[in-house]
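Peer 1: I am sharing my_file.tsv, which consists of TSV, C-alpha atoms and all ligand atoms:
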```
chain	number	residue	atom	x	y	z
A	1	MET	CA	96.51	28.88	63.82
A	2	SER	CA	96.77	26.06	61.35
A	3	ALA	CA	98.16	26.08	57.85
A	4	SER	CA	97.59	23.70	55.01
A	5	ILE	CA	100.91	22.21	53.94
A	6	LYS	CA	99.51	21.79	50.42
A	7	ARG	CA	99.33	25.56	50.01
A	8	PRO	CA	102.18	26.95	47.86
A	9	ALA	CA	105.05	28.12	50.08
A	10	ASN	CA	105.03	31.67	48.70
A	11	SER	CA	101.35	32.40	49.40
A	12	VAL	CA	100.72	35.34	51.71
A	13	GLU	CA	98.80	34.67	54.90
A	14	GLU	CA	96.76	37.83	55.41
A	15	ASN	CA	94.58	36.52	58.18
A	16	PRO	CA	96.15	33.49	59.85
A	17	ILE	CA	92.86	32.57	61.53
A	18	LYS	CA	90.90	30.57	59.02
A	19	LEU	CA	87.40	29.72	60.05
A	20	SER	CA	85.81	26.55	58.82
A	21	THR	CA	83.80	26.81	55.62
A	22	PHE	CA	82.20	23.45	56.38
A	23	LYS	CA	78.42	23.56	56.98
A	24	ALA	CA	77.27	21.52	59.93
A	25	ASN	CA	74.43	19.08	59.46
A	26	GLU	CA	72.01	20.64	61.99
A	27	HIS	CA	69.89	17.50	62.30
A	28	SER	CA	72.85	15.23	63.18
A	29	LEU	CA	74.25	17.88	65.48
A	30	ASN	CA	70.95	18.24	67.38
A	31	LYS	CA	70.60	14.45	67.70
A	32	PHE	CA	74.14	14.31	69.08
A	33	LYS	CA	73.38	17.08	71.60
A	34	GLU	CA	70.21	15.22	72.73
A	35	TRP	CA	72.30	12.06	73.11
A	36	MET	CA	74.79	13.97	75.26
A	37	THR	CA	71.97	15.26	77.49
A	38	GLU	CA	70.54	11.72	77.91
A	39	ASN	CA	74.01	10.46	78.83
A	40	SER	CA	74.88	13.10	81.45
A	41	PHE	CA	77.62	14.88	79.50
A	42	ASN	CA	76.75	18.02	81.55
A	43	LEU	CA	77.74	20.29	78.65
A	44	SER	CA	78.41	23.75	80.05
A	45	PRO	CA	75.86	26.35	78.86
A	46	LYS	CA	78.90	28.59	78.35
A	47	ILE	CA	80.00	26.68	75.27
A	48	TYR	CA	78.66	26.43	71.74
A	49	VAL	CA	79.30	23.27	69.72
A	50	GLY	CA	79.12	23.45	65.93
A	51	ASN	CA	81.03	24.94	63.03
A	52	ASP	CA	80.59	28.67	63.73
A	53	GLY	CA	83.93	30.00	64.95
A	54	SER	CA	85.67	26.64	64.58
A	55	CYS	CA	88.94	26.54	62.65
A	56	ALA	CA	88.12	23.16	61.10
A	57	GLN	CA	84.65	21.66	60.62
A	58	TYR	CA	83.15	21.12	64.09
A	59	GLY	CA	84.64	22.71	67.18
A	60	ALA	CA	83.60	24.51	70.37
A	61	VAL	CA	83.55	28.22	71.19
A	62	ALA	CA	83.07	30.09	74.49
A	63	LEU	CA	79.71	31.90	74.65
A	64	GLU	CA	80.78	33.63	77.89
A	65	ASP	CA	84.05	34.07	79.76
A	66	ILE	CA	85.17	30.76	81.29
A	67	GLU	CA	87.37	30.58	84.39
A	68	GLU	CA	90.44	28.36	84.69
A	69	GLY	CA	89.41	25.04	86.29
A	70	GLU	CA	85.78	25.13	85.06
A	71	SER	CA	84.43	21.84	83.73
A	72	LEU	CA	83.22	22.15	80.13
A	73	PHE	CA	81.70	18.66	79.81
A	74	GLN	CA	82.26	15.13	80.99
A	75	ILE	CA	82.08	11.71	79.38
A	76	GLN	CA	80.93	8.80	81.54
A	77	ARG	CA	83.25	5.83	81.05
A	78	SER	CA	80.29	3.78	79.79
A	79	CYS	CA	80.02	6.21	76.82
A	80	LEU	CA	83.61	5.66	75.70
A	81	LEU	CA	83.70	3.57	72.54
A	82	MET	CA	86.29	0.87	73.13
A	83	PRO	CA	86.50	-2.94	72.77
A	84	GLN	CA	85.31	-3.48	76.37
A	85	THR	CA	82.16	-1.36	75.91
A	86	SER	CA	81.30	-2.37	72.33
A	87	THR	CA	78.43	-4.71	71.42
A	88	ILE	CA	80.96	-7.31	70.21
A	89	SER	CA	83.12	-7.18	73.35
A	90	GLN	CA	82.58	-10.90	74.03
A	91	GLN	CA	83.64	-12.01	70.54
A	92	ILE	CA	86.70	-9.77	70.77
A	93	GLN	CA	87.55	-11.08	74.21
A	94	ASN	CA	87.25	-14.71	73.03
A	95	ASP	CA	89.67	-14.14	70.13
A	96	MET	CA	91.96	-11.69	71.91
A	97	ASP	CA	95.11	-13.80	71.41
A	98	SER	CA	94.73	-13.72	67.64
A	99	LEU	CA	94.02	-9.97	67.60
A	100	LYS	CA	97.43	-8.88	68.92
A	101	SER	CA	99.23	-6.56	66.51
A	102	SER	CA	102.15	-4.14	66.44
A	103	SER	CA	99.84	-1.11	66.49
A	104	GLY	CA	97.60	-2.50	69.25
A	105	TRP	CA	94.64	-0.88	67.42
A	106	VAL	CA	92.92	-3.99	66.00
A	107	PRO	CA	90.33	-4.59	68.78
A	108	LEU	CA	89.22	-0.93	68.64
A	109	LEU	CA	89.10	-1.00	64.83
A	110	LEU	CA	86.90	-4.11	64.84
A	111	SER	CA	84.60	-2.52	67.44
A	112	LEU	CA	84.35	0.62	65.31
A	113	MET	CA	83.71	-1.34	62.10
A	114	TYR	CA	80.86	-3.11	63.84
A	115	GLU	CA	79.30	-0.06	65.53
A	116	TYR	CA	79.71	2.14	62.46
A	117	ASN	CA	77.61	-0.30	60.39
A	118	ASN	CA	75.05	-1.02	63.11
A	119	PRO	CA	71.88	1.16	62.79
A	120	GLN	CA	71.01	0.38	66.44
A	121	SER	CA	74.44	1.25	67.84
A	122	LYS	CA	74.45	2.97	71.20
A	123	TRP	CA	76.89	5.48	69.62
A	124	ARG	CA	74.72	6.12	66.50
A	125	PRO	CA	74.32	9.91	67.12
A	126	TYR	CA	78.09	10.17	67.71
A	127	LEU	CA	79.02	8.13	64.62
A	128	ASP	CA	76.51	10.02	62.46
A	129	LEU	CA	78.30	13.24	63.29
A	130	VAL	CA	81.72	12.06	62.20
A	131	PRO	CA	82.63	13.91	59.01
A	132	ASP	CA	82.80	12.07	55.77
A	133	PHE	CA	86.16	10.29	55.99
A	134	LYS	CA	87.01	11.49	52.50
A	135	GLN	CA	87.31	14.97	54.03
A	136	LEU	CA	90.14	13.78	56.26
A	137	ASP	CA	93.07	15.16	54.32
A	138	LEU	CA	95.71	12.88	55.81
A	139	PRO	CA	98.91	12.31	53.79
A	140	MET	CA	98.13	8.59	53.74
A	141	PHE	CA	95.27	9.44	51.33
A	142	TRP	CA	97.49	11.61	49.10
A	143	THR	CA	99.04	10.06	46.02
A	144	GLU	CA	102.62	8.83	46.35
A	145	THR	CA	103.68	11.53	43.86
A	146	GLU	CA	102.10	14.27	46.01
A	147	ARG	CA	103.79	12.94	49.14
A	148	LYS	CA	107.18	12.67	47.42
A	149	SER	CA	107.06	16.13	45.93
A	150	LEU	CA	105.49	18.00	48.86
A	151	LEU	CA	106.89	16.27	51.93
A	152	LYS	CA	110.53	15.57	51.03
A	153	SER	CA	112.86	15.41	54.06
A	154	THR	CA	110.09	16.00	56.59
A	155	GLY	CA	110.02	12.39	57.85
A	156	VAL	CA	106.33	12.17	56.92
A	157	ILE	CA	106.98	10.09	53.78
A	158	GLU	CA	108.76	7.34	55.72
A	159	ALA	CA	106.19	7.42	58.55
A	160	VAL	CA	103.26	7.19	56.10
A	161	ASP	CA	104.92	4.35	54.12
A	162	LYS	CA	105.28	2.46	57.39
A	163	ASP	CA	101.62	3.17	58.29
A	164	ILE	CA	100.41	1.97	54.88
A	165	ASN	CA	102.43	-1.26	55.14
A	166	ASN	CA	101.13	-1.90	58.66
A	167	ILE	CA	97.55	-1.23	57.60
A	168	SER	CA	97.58	-3.80	54.82
A	169	THR	CA	99.47	-6.39	56.89
A	170	GLU	CA	97.08	-6.07	59.83
A	171	PHE	CA	94.08	-6.09	57.52
A	172	ASN	CA	95.10	-9.26	55.66
A	173	ASP	CA	96.55	-11.18	58.62
A	174	ILE	CA	94.19	-10.25	61.46
A	175	ILE	CA	91.11	-8.28	60.42
A	176	LEU	CA	90.00	-10.39	57.44
A	177	PRO	CA	90.15	-13.77	59.26
A	178	PHE	CA	88.09	-12.30	62.16
A	179	VAL	CA	85.54	-10.65	59.85
A	180	LYS	CA	85.14	-13.87	57.81
A	181	LYS	CA	84.77	-15.96	60.95
A	182	HIS	CA	82.03	-13.58	62.20
A	183	SER	CA	80.33	-12.90	58.87
A	184	ASP	CA	76.97	-12.68	60.70
A	185	LEU	CA	78.26	-9.52	62.44
A	186	PHE	CA	80.05	-7.74	59.62
A	187	GLY	CA	78.69	-6.47	56.30
A	188	GLU	CA	80.41	-6.79	52.90
A	189	CYS	CA	82.10	-3.40	53.27
A	190	CYS	CA	84.23	-4.77	56.10
A	191	LEU	CA	86.03	-6.99	53.57
A	192	ASN	CA	87.21	-3.87	51.80
A	193	LEU	CA	90.71	-2.53	52.51
A	194	GLU	CA	89.66	1.03	51.59
A	195	PHE	CA	86.90	1.03	54.23
A	196	TYR	CA	89.40	-0.32	56.78
A	197	LYS	CA	91.86	2.47	55.86
A	198	GLN	CA	89.13	5.02	56.58
A	199	MET	CA	88.51	3.48	59.99
A	200	VAL	CA	92.27	3.62	60.68
A	201	ALA	CA	92.25	7.30	59.70
A	202	PHE	CA	89.33	7.86	62.10
A	203	VAL	CA	91.28	6.26	64.95
A	204	MET	CA	94.45	8.10	63.96
A	205	ALA	CA	92.84	11.56	63.94
A	206	TYR	CA	90.11	11.17	66.59
A	207	SER	CA	91.10	8.63	69.25
A	208	PHE	CA	92.55	9.25	72.70
A	209	THR	CA	94.93	7.23	74.83
A	210	GLU	CA	94.65	7.21	78.60
A	211	PRO	CA	97.99	8.01	80.25
A	212	PRO	CA	99.44	4.84	81.86
A	213	ASP	CA	99.36	4.63	85.69
A	214	ASP	CA	103.07	4.11	85.78
A	215	GLU	CA	105.37	6.03	83.42
A	216	PHE	CA	107.19	2.74	82.65
A	217	ASP	CA	104.00	0.94	81.57
A	218	ASP	CA	103.20	0.53	77.89
A	219	SER	CA	100.79	3.07	76.51
A	220	PRO	CA	97.21	1.67	76.79
A	221	PRO	CA	95.28	1.02	73.55
A	222	PRO	CA	93.33	3.91	72.00
A	223	MET	CA	89.62	4.62	72.54
A	224	MET	CA	87.02	6.94	71.05
A	225	VAL	CA	85.89	9.75	73.34
A	226	PRO	CA	82.69	11.39	72.01
A	227	MET	CA	82.54	15.18	72.30
A	228	ALA	CA	86.18	15.46	73.47
A	229	ASP	CA	87.17	14.64	69.88
A	230	ILE	CA	85.16	17.59	68.56
A	231	LEU	CA	87.71	20.00	70.01
A	232	ASN	CA	90.47	21.11	67.67
A	233	HIS	CA	94.15	21.24	68.68
A	234	VAL	CA	96.74	23.94	69.16
A	235	ALA	CA	100.02	23.67	71.08
A	236	LYS	CA	98.89	26.56	73.31
A	237	ASN	CA	95.67	24.81	74.28
A	238	ASN	CA	93.20	26.28	76.75
A	239	ALA	CA	91.44	23.04	77.76
A	240	GLN	CA	92.58	19.56	78.67
A	241	LEU	CA	91.03	16.16	79.32
A	242	ALA	CA	91.27	14.85	82.89
A	243	PHE	CA	90.92	11.08	83.29
A	244	GLU	CA	88.89	10.49	86.46
A	245	LYS	CA	87.60	7.23	87.93
A	246	ASP	CA	84.01	7.27	86.63
A	247	ALA	CA	84.25	9.88	83.92
A	248	LEU	CA	86.63	11.88	81.74
A	249	LYS	CA	86.33	15.65	82.18
A	250	MET	CA	87.26	18.45	79.78
A	251	VAL	CA	88.53	21.27	81.96
A	252	ALA	CA	89.57	24.85	81.11
A	253	ILE	CA	93.27	25.21	81.96
A	254	LYS	CA	93.27	28.98	81.57
A	255	THR	CA	90.71	31.75	81.34
A	256	ILE	CA	88.87	31.50	78.03
A	257	LYS	CA	87.34	34.73	76.80
A	258	LYS	CA	83.89	34.95	75.21
A	259	GLY	CA	84.20	34.22	71.47
A	260	GLU	CA	87.45	32.24	71.73
A	261	GLU	CA	87.66	28.74	70.33
A	262	ILE	CA	88.18	26.00	72.91
A	263	TYR	CA	91.25	23.99	72.07
A	264	ASN	CA	92.37	20.67	73.44
A	265	THR	CA	95.85	19.19	73.02
A	266	TYR	CA	96.48	16.02	71.00
A	267	GLY	CA	99.93	15.78	72.62
A	268	GLN	CA	103.30	17.50	72.42
A	269	LEU	CA	103.49	17.12	68.68
A	270	ALA	CA	105.85	18.64	66.12
A	271	ASN	CA	104.31	19.89	62.88
A	272	TRP	CA	105.40	16.82	60.88
A	273	GLN	CA	103.55	14.60	63.38
A	274	LEU	CA	100.43	16.78	63.22
A	275	LEU	CA	100.57	16.53	59.46
A	276	GLN	CA	101.08	12.77	59.42
A	277	MET	CA	98.31	11.91	61.90
A	278	TYR	CA	95.85	14.81	61.61
A	279	GLY	CA	96.45	16.41	58.21
A	280	PHE	CA	97.30	19.91	59.40
A	281	ALA	CA	100.25	21.86	60.75
A	282	GLU	CA	100.40	24.97	62.89
A	283	GLN	CA	101.55	28.28	61.48
A	284	PHE	CA	105.13	29.22	62.49
A	285	PRO	CA	105.94	30.09	65.30
A	286	ASN	CA	102.78	28.96	67.14
A	287	ASN	CA	103.77	25.34	67.67
A	288	HIS	CA	106.33	25.44	70.48
A	289	TYR	CA	106.67	21.66	70.21
A	290	ASP	CA	108.02	21.98	66.72
A	291	THR	CA	111.76	21.55	66.28
A	292	LYS	CA	114.22	22.98	63.83
A	293	LEU	CA	117.92	22.83	63.16
A	294	PRO	CA	120.25	25.44	64.64
A	295	LYS	CA	121.23	28.15	62.17
A	296	SER	CA	124.98	27.50	62.36
A	297	LEU	CA	125.07	24.19	60.42
A	298	PRO	CA	128.17	24.06	58.18
A	299	ILE	CA	126.03	23.73	55.08
A	300	ASN	CA	128.45	25.86	53.05
A	301	ASN	CA	131.14	23.16	53.34
A	302	GLU	CA	129.55	20.54	51.13
A	303	VAL	CA	132.45	18.05	51.29
A	304	LEU	CA	132.48	18.11	55.09
A	305	LEU	CA	128.70	17.86	55.22
A	306	LYS	CA	128.71	14.87	52.85
A	307	ASP	CA	131.34	13.15	54.97
A	308	LYS	CA	129.35	13.81	58.14
A	309	THR	CA	126.20	12.51	56.44
A	310	ASN	CA	127.93	9.23	55.51
A	311	PHE	CA	129.35	8.93	59.02
A	312	LEU	CA	125.88	9.43	60.57
A	313	ILE	CA	124.34	6.91	58.15
A	314	ASP	CA	127.03	4.37	59.19
A	315	MET	CA	126.20	5.09	62.82
A	316	GLU	CA	122.50	4.44	61.92
A	317	LEU	CA	121.60	7.93	63.08
A	318	MET	CA	120.53	9.09	59.65
A	319	ILE	CA	118.26	7.50	57.07
A	320	ARG	CA	119.97	6.09	53.92
A	321	ASP	CA	118.83	8.92	51.67
A	322	GLY	CA	120.62	11.32	53.99
A	323	SER	CA	117.48	12.70	55.61
A	324	PHE	CA	116.61	12.57	59.27
A	325	VAL	CA	113.96	13.90	61.54
A	326	VAL	CA	114.72	16.12	64.47
A	327	GLY	CA	111.99	15.65	67.02
A	328	ILE	CA	111.88	14.62	70.64
A	329	SER	CA	109.41	11.79	70.20
A	330	GLY	CA	110.13	11.38	66.52
A	331	VAL	CA	112.39	9.01	64.63
A	332	LEU	CA	115.39	9.81	66.80
A	333	THR	CA	115.61	9.36	70.56
A	334	GLU	CA	116.71	12.38	72.54
A	335	ASP	CA	120.21	10.95	72.86
A	336	GLU	CA	120.48	10.16	69.14
A	337	MET	CA	119.21	13.61	68.26
A	338	TYR	CA	121.89	15.09	70.51
A	339	GLN	CA	124.57	13.01	68.75
A	340	VAL	CA	123.38	14.08	65.29
A	341	ILE	CA	123.27	17.77	66.10
A	342	ARG	CA	126.60	17.61	67.93
A	343	VAL	CA	128.31	16.06	64.87
A	344	LEU	CA	126.66	18.52	62.48
A	345	LEU	CA	127.86	21.47	64.54
A	346	MET	CA	131.49	20.30	64.85
A	347	ASN	CA	134.17	22.16	62.93
A	348	GLU	CA	136.43	20.12	60.64
A	349	LYS	CA	139.12	19.50	63.28
A	350	GLU	CA	136.66	18.44	65.98
A	351	TYR	CA	134.85	16.23	63.51
A	352	ASN	CA	138.02	14.46	62.30
A	353	GLU	CA	139.02	13.74	65.90
A	354	HIS	CA	135.51	12.50	66.67
A	355	LYS	CA	135.48	10.25	63.60
A	356	GLU	CA	138.86	8.73	64.50
A	357	LYS	CA	137.35	7.62	67.79
A	358	ASP	CA	134.38	6.12	65.93
A	359	GLY	CA	132.08	8.54	67.66
A	360	TRP	CA	133.27	7.65	71.18
A	361	SER	CA	134.00	10.51	73.53
A	362	GLU	CA	136.82	10.32	76.11
A	363	ASP	CA	135.00	12.63	78.44
A	364	GLU	CA	131.77	10.70	78.81
A	365	GLU	CA	130.80	12.51	82.00
A	366	GLU	CA	131.06	15.89	80.32
A	367	GLU	CA	129.12	14.58	77.32
A	368	GLU	CA	126.37	13.19	79.55
A	369	GLU	CA	126.04	16.53	81.32
A	370	GLU	CA	125.94	18.33	77.97
A	371	SER	CA	123.31	15.88	76.73
A	372	LEU	CA	121.12	16.44	79.81
A	373	GLU	CA	121.37	20.18	79.33
A	374	PHE	CA	120.50	19.67	75.66
A	375	GLY	CA	117.49	17.53	76.64
A	376	LYS	CA	116.18	20.39	78.75
A	377	ASN	CA	116.62	22.92	75.96
A	378	CYS	CA	115.99	21.03	72.79
A	379	ILE	CA	112.24	21.69	72.77
A	380	LEU	CA	113.15	25.32	72.28
A	381	LEU	CA	115.78	24.77	69.61
B	1	LIG	C1	89.75	15.19	66.64
B	1	LIG	S1	89.24	15.91	65.16
B	1	LIG	C2	88.64	17.48	65.69
B	1	LIG	C3	87.22	17.69	65.24
B	1	LIG	C4	87.09	18.09	63.81
B	1	LIG	N1	87.27	19.51	63.70
B	1	LIG	C5	85.71	17.67	63.27
B	1	LIG	O1	84.96	18.51	62.82
B	1	LIG	O2	85.40	16.48	63.29
B	1	LIG	C6	90.80	16.21	64.44
B	1	LIG	C7	90.71	16.85	63.06
B	1	LIG	O3	90.32	18.21	63.19
B	1	LIG	C8	91.09	19.04	62.34
B	1	LIG	N2	91.88	19.96	63.18
B	1	LIG	C9	92.08	19.91	64.51
B	1	LIG	N3	92.78	20.95	64.95
B	1	LIG	C10	93.05	21.70	63.86
B	1	LIG	C11	93.75	22.92	63.65
B	1	LIG	N4	94.34	23.60	64.63
B	1	LIG	N5	93.83	23.39	62.38
B	1	LIG	C12	93.26	22.72	61.34
B	1	LIG	N6	92.57	21.56	61.48
B	1	LIG	C13	92.47	21.07	62.72
B	1	LIG	C14	91.98	18.13	61.51
B	1	LIG	O4	91.29	17.81	60.32
B	1	LIG	C15	92.08	16.89	62.38
B	1	LIG	O5	92.32	15.72	61.64
```
Written as structure tokens, that's how I'd like the structure from this file.
Peer 2:
Amino acid sequence: MSASIKRPANSVEENPIKLSTFKANEHSLNKFKEWMTENSFNLSPKIYVGNDGSCAQYGAVALEDIEEGESLFQIQRSCLLMPQTSTISQQIQNDMDSLKSSSGWVPLLLSLMYEYNNPQSKWRPYLDLVPDFKQLDLPMFWTETERKSLLKSTGVIEAVDKDINNISTEFNDIILPFVKKHSDLFGECCLNLEFYKQMVAFVMAYSFTEPPDDEFDDSPPPMMVPMADILNHVAKNNAQLAFEKDALKMVAIKTIKKGEEIYNTYGQLANWQLLQMYGFAEQFPNNHYDTKLPKSLPINNEVLLKDKTNFLIDMELMIRDGSFVVGISGVLTEDEMYQVIRVLLMNEKEYNEHKEKDGWSEDEEEEEEESLEFGKNCILL
């Protein structure tokens, strides 16, 4: 199951399945369940929603055996919390040109900031259930010293630094002008960067993105999907969200036995990505999307390794401090990752020849074939 990265590396994991010690607020939970009934979520009587049996705070557990293909619940599109459905959709639409940002999250964040502070919000029972954001143990809330000492060479430090810079730039340049212009809609707390950071963390750890119609299209902006975001994640998930025309449906993708937790997938994510965005990592070897270096790296030849490191930095395949992240959808593209690993695995003679050609291969066809083969296998590295 999951492991806290902050735990000392030498601690012994006697029982890898850690159940949540969090106590659900029964009143909020019941209100949320009533809200789901009123809004046709069609929650299967075969599942329990709450903190009993969940690995982290809220979750869902099978009360009876569930067959592959069974629908567990659905979410009508009108219940999705997104800029188009929010109470301030018109104001957002009117200012859309000034709300463009590199993350593409600003319209959803403004919608959330409004709904979260609105006692009459249509999503009140959903928003009341969201755990206290201070419980979200994302590395972006850790101190810089903690990140530097605990996450060295994982790629998380660089990714979080980038997130933090983006958050304050988007807040100052886009969010604040909109909030000030619409001061009748937003309370004082919306002028506060810390509150905004908490909303970003909520989107980071709870939102969903609908797959684009065409694989070449940009990824659509994120949205909040009540109830689907209660499910926890493991790489070997047993349920998955299907995006249908009128509703989104959570469907069992394998038989789920009575008593088992129902797990969704947040994507094909390596442990460093899970840690960066969700604040947890899966216990080795459960996450088959995680990646690691082959065992045969020439790490005993320090001079050669140093030279290769400098070469890869010059080729912009390695970060200046000599670290890099191996991951399919991580810092490196698949092709770059192939180049890095290929160089690291070369013996001295092969490497010197490669360096003389400035990293160009004479047999490009052979290299392309090798790279394709690598692409197929690298998930399993
Ligand atoms: C979408 S929410 C899932 C619902 C969450 N359990 C709750 O009670 O609100 C994602 C958060 O759940 C937790 N989580 C999800 N899957 C987990 C897992 N396998 N192990 C530990 N924590 C997990 C992490 O805190 C993550 O940021």
Peer 1: Find the distance between atom CA of Thr143 of chain A and atom CA of Ile164 of chain A and write it in Å to one decimal.
Peer 2: 12.1 Å
Peer 1: Which distance in Å separates atom CA of Tyr48 of chain A and atom CA of Val130 of chain A, to one decimal?
Peer 2: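 Separating atom CA of Tyr48 of chain A from atom CA of Val130 of chain A is a distance of 17.5 Å.
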Peer 1: Which of these residues is nearest to Asp184 of chain A, using only C-alpha atoms: A:Ile88, A:Gln135, A:Asp95, A:Glu146?
Peer 2: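 That would be A:Ile88, the residue with the smallest distance to Asp184 of chain A.
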Peer 1: Mind listing as an NGL selection string all residues within 12 Å of (72.4, 6.6, 57.6), counting all atoms listed in the file?
Peer 2: :A and (28 or 116-121 or 124-125 or 127-130 or 132)
Peer 1: Do a neighbour search on Ser71 of chain A at 8 Å with only C-alpha atoms, toss out local chain neighbours closer than 6 positions, and write the hits as a PyMOL selection string.
Peer 2: chain A and resi 44+249-252
Peer 1: Once you count all atoms listed in the file, which residues end up within 7 Å of ligand LIG 1 (chain B), and could you hand them over as a PyMOL selection string?
Peer 2: chain A and resi 1-3+55-59+130-131+136-137+205-206+229-234+278-282
Peer 1: Which residue gives the smallest distance to Phe171 of chain A among A:Ile157, A:Met277, A:Leu241, A:Leu110, with all atoms listed in the file counted?
Peer 2: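 So, comparing all the options, the nearest one is A:Leu110.
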Peer 1: Could you check how far atom CA of Val179 of chain A sits from atom CA of Met227 of chain A, in Å to one decimal?
Peer 2: 28.8 Å
Peer 1: Taking only C-alpha atoms into account, which of A:Leu345, A:Ala62, A:Val49, A:Met113 comes nearest Leu185 of chain A?
Peer 2: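 Closest residue, counting only C-alpha atoms: A:Met113.
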Peer 1: List as a list of chain:residue names the protein and nucleic acid residues near Val340 of chain A, meaning an atom at most 9 Å away when only C-alpha atoms are counted, but skip any in the same chain fewer than 3 places from it.
Peer 2: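 Residues near the query, excluding close chain neighbours: A:Leu312, A:Leu317, A:Met318, A:Val326, A:Asp335, A:Glu336, A:Met337, A:Val343, A:Leu344, A:Leu345.
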Peer 1: For Lys245 of chain A, which residue out of A:Glu348, A:Glu210, A:Val160, A:His182 is the nearest one, using only C-alpha atoms?
Peer 2: A:Glu210
Peer 1: Taking all atoms listed in the file into account, name the residue in A:Glu26, A:Glu38, A:Leu81, A:Phe178 that is nearest to Met96 of chain A.
Peer 2: A:Phe178
